[in-house]
Amino acid sequence: MALDPATVRRIATLARIRMDDAEVTTLVGELNSILGWIEQLNEVDISGVDPLTGSAHMALTMREDVVTDGGYPDAILFNAPDRIGDFFAVPKVVE
Amino acid sequence: MSSATELTDLTIVQGRDGLRAKAFTAVDLTLAHLHAIEALNPRLNAYLSVGHAQAMEQARAADAALAQGDMRPLLGIPLAIKDLFCTTGVRTTAGSKILMPFVPPYESTVTANLLRDGAVFLGKTNMDEFAMGSSNMTSYYGPVENPWKRRQDATAVLVPGGSSGGSAAAVAARLAMGGTGTDTGGSIRQPASFCGLVGVKPTYGRCSRWGVVAFASSLDHPGPFARTVRDCAILLGSMAGHDPKDSTSADVPVPDYEAACERPIKGLRIGVPREYRADGMPGEIEALWQRGVAWLRDAGAEIVDVSLPHTKYGLATYYIIAPAEASSNLARYDGVRFGLREDGEDLRDLYERTRAAGFGAEVRRRIMIGTYVLSAGYYDAYYLRAQKVRALIMRDFTEAFAKVDALLTPTAPSAAFAQGEKMDDPITMYLNDLFTVPADLAGVPAMSVPGGLDADGLPLGLQIIARPFDEATMFAVAAALERAAGFVALPTLRAGG
């Protein structure tokens with residue numbers, strides 16, 4: 001499953017990373033090398049094995065579905081690159 | 001009052017006892033470390049920021065509490081904090097440009113626990129960007145110099161390992177008595193091995209991840225560094241504990257780890273997994289491993305050969321799962337709510353320019369791999385398959401721990417290497433984590449203890465892996481190894497050195 005430059009550009013778009021042609025070329029080589037190395041997993045017999053999503057040696061617990069936190073917009077907005085009142089500000093999305 | 005060098009050479013146990021006996025004050029202890037940082041950090045680049053004023057304030061508060069007979073376990077002990085832990089009002093960068101402007105308005109649970117127990121925070125330490133790396137070379141803020149030097153070539157600048165390279169270099173060079181790190185693929189144990197330190201990755205769920213900048217959530221483990229096993233036991237005892245703010249935090253009691261260090265290991269069954277060998281691994285590492293086996297046998301343990309047949313697939317499994325989780329976790333850095341923003345023509349352009357400018361090459365590469373293995377058409381072939389192999393790796397450990405109480409392996413397949421080495425292709429760097437990744441995938445506790453020096457005079461670590469939530473047995477074995485190894489070598493660059 002070798003990646004070509006078009007696929008790398010498509011992944012970059014999905015990942016929302018702007019990428020110039022030089023970086024695409026570099027990544028085609030690097031990603032193919034990494035994915036080629038990862039192919040070794042095809043040797044492993046995984047028939048009948050359930051996937052493991054995490055290694056927590058315990059069951060996840062439930063809690064009451066109630067609001068336990070909040071009410072401090074200034075702390076939330078403290079690191080905002082741009083704000084208008086109690087809102088995060090971004091470039092105009094809809095003309 | 002003792003001299004400044006004597007103060008920076010103390011272990012946490014000695015510091016604690018000296019403070020309680022009024023042999024010196026917490027202000028003396030903190031000042032000695034701040035002066036050492038001033039002298040050595042411009043060269044080592046271990047700290048990204050130093051909190052003089054806050055540290056002195058915490059030290060004065062510790063002295064006032066000590067005068068009242070306060071017995072909190074870390075009262076007045078100066079520590080280094082990896083810059084992945086959010087600290088209230090103190091810039092937290094994760095080693096990335098994208099978080100350069102970020103000042104958290106909250107404290108991570110682990111650092112809050114340390115502060116609750118009286119610790120003094122000297123500053124925030126350098127690290128591979130978003131904890132992605134094994135050499136500290138991917139930090140936006142420059143590499144860290146390992147304070148250890150090759151005997152024959154003292155001019156070579158070696159890496160401290162990674163990703164927690166700043167904390168490891170700081171503790172090794174006596175710029176802190178202990179420190180925090182995080183271990184996702186080996187980022188505490190490998191730098192501990194490279195810097196002649198003890199480093200502990202506890203069981204998944206033992207230390208809360210809340211307030212720790214996320215890399216791969218099912219693999220991220222906060223843990224301590226120190227110069228002795230007992231010091232690490234004290235630090236972990238403070239850092240650990242149930243936290244309702246982390247849904248994967250375990251609600252299980254935290255035993256007295258310091259007491260566990262005194263436990264005899266007579267009769268314990270120690271497994272030696274035959275798969276922990278690598279092509280090109282120096283004979284010295286194999287020899288050290290055999291010495292470690294002999295030390296534990298001499299201490300009364302029974303040595304058992306075991307097999308963990310899927311060990312060799314750990315790294316490839318990791319390099320699907322960790323990037324997949326990272327690509328999801330790092331989606332939050334979009335220039336809107338916090339961190340760097342690069343303006344664009346529209347919102348999407350803003351996202352793409354921000355992320356291109358804010359993330360370094362290794363982080364971009366891992367986001368790309370993660371996005372690819374999770375994308376339509378490839379999910380089953382890569383991500384689902386990796387999750388199944390992960391289940392087999394976990395099963396290997398479960399089966400081994402039916403026969404033995406702990407495992408002994410080398411920590412890393414090499415000693416510290418020079419800055420710029422192993423940079424030719426990403427996989428060469430990834431191979432550093434060959435022996436540490438399996439314990440992260442399985443969530444079992446593991447730690448590195450210095451075992452000896454190689455022919456170049458560089459430290460080599462031995463790894464102990466134990467059953468889930470049985471850090472106490474792990475500390476007992478580690479303390480026995482430490483006593484037998486008698487590791488007293490010192491790095492070239494250190495306070496007063």
# chains A, B, ... in the order shown; residues from 1 in each chain; ligands from 1

$ select_by_dssp --residues "chain A" --states "helix (DSSP H, G or I)" --output "VMD selection string"
chain A and resid 5 to 14 21 to 43 73 to 77

$ residues_around --residues "segment 414-424 of chain B" --least-positions-apart "2" --cutoff "7 Å" --atoms "only C-alpha atoms" --output "ChimeraX atom specification"
/B:156-161,194,281-282,412,426,428-429,458-460

$ residues_around --residues "segment 85-98 of chain B" --least-positions-apart "2" --cutoff "6 Å" --atoms "only C-alpha atoms" --output "list in words"
Asp83, Met100, Phe102, Val103, Pro104, Pro105, Tyr106, Glu107, Ser108, Met127, Asp128, Glu129, Phe130, Ser139, Tyr140, Gly211, Val212, Gly339, Leu340 and Gly358 of chain B

$ interface_residues --of "chain B" --to "chain A" --cutoff "6 Å" --atoms "only C-alpha atoms" --output "VMD selection string"
chain B and resid 204 218 316 337 to 338 346 to 347 352 to 353 355 to 356 387 to 388 391 442 to 443

$ write_last_selection --atoms "N, CA and C atoms" --output "short mmCIF file (atom, residue, chain, number, x, y, z; two decimals), in the first residue's frame"
data_model
loop_
_atom_site.label_atom_id
_atom_site.label_comp_id
_atom_site.auth_asym_id
_atom_site.auth_seq_id
_atom_site.Cartn_x
_atom_site.Cartn_y
_atom_site.Cartn_z
N TYR B 204 -0.75 1.91 34.50
CA TYR B 204 -1.71 2.83 33.88
C TYR B 204 -2.87 3.05 34.85
N SER B 218 -4.22 6.47 25.85
CA SER B 218 -4.25 5.11 26.41
C SER B 218 -2.86 4.64 26.80
N ALA B 316 6.12 -1.67 16.34
CA ALA B 316 5.26 -1.41 15.18
C ALA B 316 3.82 -1.16 15.63
N ARG B 337 -8.62 28.66 20.41
CA ARG B 337 -8.90 28.83 21.84
C ARG B 337 -7.68 29.10 22.70
N PHE B 338 -6.53 28.59 22.28
CA PHE B 338 -5.28 28.85 23.03
C PHE B 338 -4.12 28.56 22.11
N ASP B 346 -9.25 32.47 5.48
CA ASP B 346 -10.52 32.07 6.09
C ASP B 346 -10.19 31.14 7.26
N LEU B 347 -11.21 30.58 7.88
CA LEU B 347 -10.98 29.80 9.09
C LEU B 347 -10.11 28.58 8.79
N GLU B 352 -4.83 25.61 8.98
CA GLU B 352 -3.73 24.94 8.27
C GLU B 352 -2.41 25.69 8.45
N ARG B 353 -2.48 27.02 8.42
CA ARG B 353 -1.25 27.80 8.60
C ARG B 353 -0.76 27.71 10.05
N ARG B 355 -1.19 25.24 12.20
CA ARG B 355 -0.65 23.91 12.50
C ARG B 355 0.66 23.66 11.76
N ALA B 356 0.81 24.23 10.55
CA ALA B 356 2.07 24.08 9.81
C ALA B 356 3.18 24.85 10.52
N GLN B 387 -4.55 -2.92 17.41
CA GLN B 387 -5.24 -3.12 18.69
C GLN B 387 -5.30 -4.60 19.06
N LYS B 388 -5.39 -5.45 18.04
CA LYS B 388 -5.41 -6.90 18.32
C LYS B 388 -4.03 -7.40 18.73
N ALA B 391 -3.51 -6.59 22.23
CA ALA B 391 -4.15 -7.56 23.13
C ALA B 391 -3.24 -8.77 23.34
N ALA B 442 0.87 -2.58 27.56
CA ALA B 442 0.14 -3.45 28.49
C ALA B 442 -0.28 -2.71 29.76
N GLY B 443 0.26 -1.52 30.00
CA GLY B 443 -0.12 -0.73 31.18
C GLY B 443 0.47 -1.24 32.48
#

$ atom_distance --atom1 "atom CA of Asp433 of chain B" --atom2 "atom CA of Gly185 of chain B"
6.2 Å

$ atom_distance --atom1 "atom CA of Pro202 of chain B" --atom2 "atom CA of Ala287 of chain B"
26.8 Å

$ residues_around --residues "Ala299 of chain B" --least-positions-apart "3" --cutoff "8 Å" --atoms "only C-alpha atoms" --output "NGL selection string"
:B and (265-266 or 295-296 or 480)

$ write_last_selection --atoms "C-alpha atoms" --output "PDB file, in the first residue's frame"
ATOM      1  CA  ILE B 265      13.053 -10.483  47.846  1.00  0.00           C
ATOM      2  CA  LYS B 266      13.905 -13.967  49.081  1.00  0.00           C
ATOM      3  CA  TRP B 295      22.482 -10.177  41.938  1.00  0.00           C
ATOM      4  CA  LEU B 296      18.829 -11.106  42.326  1.00  0.00           C
ATOM      5  CA  ALA B 480      17.741  -5.137  45.945  1.00  0.00           C
TER       6      ALA B 480
END

$ closest_residue --among "B:Gly142, B:Ala484, B:Ile285, B:Arg151" --to "Arg297 of chain B" --atoms "only C-alpha atoms"
B:Ala484

$ residues_around --residues "Ala36 of chain B" --least-positions-apart "4" --cutoff "10 Å" --atoms "only C-alpha atoms" --output "PyMOL selection string"
chain B and resi 4-5+8+30-32+40-41+170+173-176+494-496

$ atom_distance --atom1 "atom CA of Ser247 of chain B" --atom2 "atom CA of Ala233 of chain B"
24.4 Å

$ residues_around --residues "Met56 of chain B" --least-positions-apart "4" --cutoff "9 Å" --atoms "only C-alpha atoms" --output "ChimeraX atom specification"
/B:26-27,30-31,51-52,60-61,120,122

$ write_last_selection --atoms "N, CA and C atoms" --output "mmCIF file, in the first residue's frame"
data_model
loop_
_atom_site.group_PDB
_atom_site.id
_atom_site.type_symbol
_atom_site.label_atom_id
_atom_site.label_comp_id
_atom_site.auth_asym_id
_atom_site.auth_seq_id
_atom_site.Cartn_x
_atom_site.Cartn_y
_atom_site.Cartn_z
ATOM 1 N N ALA B 26 14.859 24.966 54.263
ATOM 2 C CA ALA B 26 14.354 24.770 52.904
ATOM 3 C C ALA B 26 14.842 25.894 51.996
ATOM 4 N N VAL B 27 14.988 27.096 52.553
ATOM 5 C CA VAL B 27 15.532 28.207 51.760
ATOM 6 C C VAL B 27 16.979 27.913 51.349
ATOM 7 N N THR B 30 16.787 25.241 48.554
ATOM 8 C CA THR B 30 16.286 25.782 47.286
ATOM 9 C C THR B 30 17.309 26.715 46.651
ATOM 10 N N LEU B 31 17.923 27.575 47.465
ATOM 11 C CA LEU B 31 18.933 28.503 46.923
ATOM 12 C C LEU B 31 20.116 27.748 46.317
ATOM 13 N N GLY B 51 11.504 29.212 38.054
ATOM 14 C CA GLY B 51 10.602 30.045 38.848
ATOM 15 C C GLY B 51 11.238 30.478 40.153
ATOM 16 N N HIS B 52 12.254 31.377 40.055
ATOM 17 C CA HIS B 52 12.975 31.801 41.271
ATOM 18 C C HIS B 52 12.025 32.265 42.362
ATOM 19 N N ARG B 60 10.142 29.323 51.712
ATOM 20 C CA ARG B 60 9.891 30.054 52.978
ATOM 21 C C ARG B 60 8.664 29.483 53.682
ATOM 22 N N ALA B 61 7.639 29.145 52.897
ATOM 23 C CA ALA B 61 6.442 28.547 53.497
ATOM 24 C C ALA B 61 6.791 27.190 54.118
ATOM 25 N N VAL B 120 8.784 21.998 46.527
ATOM 26 C CA VAL B 120 9.163 23.291 45.953
ATOM 27 C C VAL B 120 9.425 23.038 44.460
ATOM 28 N N LEU B 122 11.213 24.131 41.171
ATOM 29 C CA LEU B 122 12.293 24.994 40.699
ATOM 30 C C LEU B 122 12.004 25.564 39.319
#

$ decode --residues "segment 3-70 of chain A" --atoms "C-alpha atoms" --output "PDB file, in the first residue's frame"
ATOM      1  CA  LEU A   3       1.542   6.192  -0.588  1.00  0.00           C
ATOM      2  CA  ASP A   4       1.776   8.587  -3.512  1.00  0.00           C
ATOM      3  CA  PRO A   5       2.051  12.390  -3.311  1.00  0.00           C
ATOM      4  CA  ALA A   6      -1.696  12.827  -3.940  1.00  0.00           C
ATOM      5  CA  THR A   7      -2.530  10.604  -0.952  1.00  0.00           C
ATOM      6  CA  VAL A   8      -0.057  12.477   1.255  1.00  0.00           C
ATOM      7  CA  ARG A   9      -1.697  15.777   0.209  1.00  0.00           C
ATOM      8  CA  ARG A  10      -5.122  14.327   1.000  1.00  0.00           C
ATOM      9  CA  ILE A  11      -3.964  13.222   4.487  1.00  0.00           C
ATOM     10  CA  ALA A  12      -2.452  16.666   5.074  1.00  0.00           C
ATOM     11  CA  THR A  13      -5.821  18.194   4.198  1.00  0.00           C
ATOM     12  CA  LEU A  14      -7.608  15.837   6.579  1.00  0.00           C
ATOM     13  CA  ALA A  15      -5.065  16.737   9.282  1.00  0.00           C
ATOM     14  CA  ARG A  16      -5.417  20.475   8.477  1.00  0.00           C
ATOM     15  CA  ILE A  17      -1.692  20.979   7.989  1.00  0.00           C
ATOM     16  CA  ARG A  18      -0.582  23.284   5.174  1.00  0.00           C
ATOM     17  CA  MET A  19       2.178  21.533   3.271  1.00  0.00           C
ATOM     18  CA  ASP A  20       4.472  22.605   0.438  1.00  0.00           C
ATOM     19  CA  ASP A  21       5.648  20.288  -2.345  1.00  0.00           C
ATOM     20  CA  ALA A  22       9.071  19.741  -0.797  1.00  0.00           C
ATOM     21  CA  GLU A  23       7.552  18.474   2.447  1.00  0.00           C
ATOM     22  CA  VAL A  24       5.120  16.257   0.538  1.00  0.00           C
ATOM     23  CA  THR A  25       8.072  14.665  -1.275  1.00  0.00           C
ATOM     24  CA  THR A  26       9.955  14.104   1.992  1.00  0.00           C
ATOM     25  CA  LEU A  27       6.898  12.631   3.670  1.00  0.00           C
ATOM     26  CA  VAL A  28       6.148  10.248   0.791  1.00  0.00           C
ATOM     27  CA  GLY A  29       9.529   8.638   1.456  1.00  0.00           C
ATOM     28  CA  GLU A  30       9.329   8.703   5.247  1.00  0.00           C
ATOM     29  CA  LEU A  31       5.753   7.507   5.563  1.00  0.00           C
ATOM     30  CA  ASN A  32       6.308   4.683   3.072  1.00  0.00           C
ATOM     31  CA  SER A  33       9.363   3.598   5.000  1.00  0.00           C
ATOM     32  CA  ILE A  34       7.459   3.633   8.322  1.00  0.00           C
ATOM     33  CA  LEU A  35       4.387   1.909   6.891  1.00  0.00           C
ATOM     34  CA  GLY A  36       6.613  -0.681   5.200  1.00  0.00           C
ATOM     35  CA  TRP A  37       8.240  -1.435   8.555  1.00  0.00           C
ATOM     36  CA  ILE A  38       4.807  -1.672  10.167  1.00  0.00           C
ATOM     37  CA  GLU A  39       3.832  -4.367   7.628  1.00  0.00           C
ATOM     38  CA  GLN A  40       5.603  -6.863   9.934  1.00  0.00           C
ATOM     39  CA  LEU A  41       2.363  -6.944  11.935  1.00  0.00           C
ATOM     40  CA  ASN A  42       0.844  -8.929   9.073  1.00  0.00           C
ATOM     41  CA  GLU A  43       2.904 -11.928  10.282  1.00  0.00           C
ATOM     42  CA  VAL A  44       0.935 -12.066  13.533  1.00  0.00           C
ATOM     43  CA  ASP A  45      -1.984 -14.463  13.761  1.00  0.00           C
ATOM     44  CA  ILE A  46      -4.769 -12.287  15.148  1.00  0.00           C
ATOM     45  CA  SER A  47      -7.659 -14.597  14.372  1.00  0.00           C
ATOM     46  CA  GLY A  48     -10.165 -14.712  17.200  1.00  0.00           C
ATOM     47  CA  VAL A  49      -8.420 -11.908  19.117  1.00  0.00           C
ATOM     48  CA  ASP A  50     -10.540  -9.033  20.406  1.00  0.00           C
ATOM     49  CA  PRO A  51      -9.031  -5.564  19.922  1.00  0.00           C
ATOM     50  CA  LEU A  52      -7.694  -3.825  23.012  1.00  0.00           C
ATOM     51  CA  THR A  53      -8.545  -0.145  23.194  1.00  0.00           C
ATOM     52  CA  GLY A  54      -6.630   0.599  26.354  1.00  0.00           C
ATOM     53  CA  SER A  55      -4.652  -1.006  29.108  1.00  0.00           C
ATOM     54  CA  ALA A  56      -6.648   0.171  32.130  1.00  0.00           C
ATOM     55  CA  HIS A  57      -6.721  -2.799  34.471  1.00  0.00           C
ATOM     56  CA  MET A  58     -10.160  -1.840  35.771  1.00  0.00           C
ATOM     57  CA  ALA A  59     -13.668  -1.053  34.609  1.00  0.00           C
ATOM     58  CA  LEU A  60     -14.562   2.545  33.858  1.00  0.00           C
ATOM     59  CA  THR A  61     -16.810   4.040  36.521  1.00  0.00           C
ATOM     60  CA  MET A  62     -20.022   5.982  36.101  1.00  0.00           C
ATOM     61  CA  ARG A  63     -20.898   9.250  37.800  1.00  0.00           C
ATOM     62  CA  GLU A  64     -24.038  11.327  38.147  1.00  0.00           C
ATOM     63  CA  ASP A  65     -24.824  13.197  34.932  1.00  0.00           C
ATOM     64  CA  VAL A  66     -24.692  16.651  36.482  1.00  0.00           C
ATOM     65  CA  VAL A  67     -22.697  19.828  35.890  1.00  0.00           C
ATOM     66  CA  THR A  68     -19.711  19.796  38.279  1.00  0.00           C
ATOM     67  CA  ASP A  69     -17.584  22.568  36.863  1.00  0.00           C
ATOM     68  CA  GLY A  70     -17.727  25.868  35.007  1.00  0.00           C
TER      69      GLY A  70
END
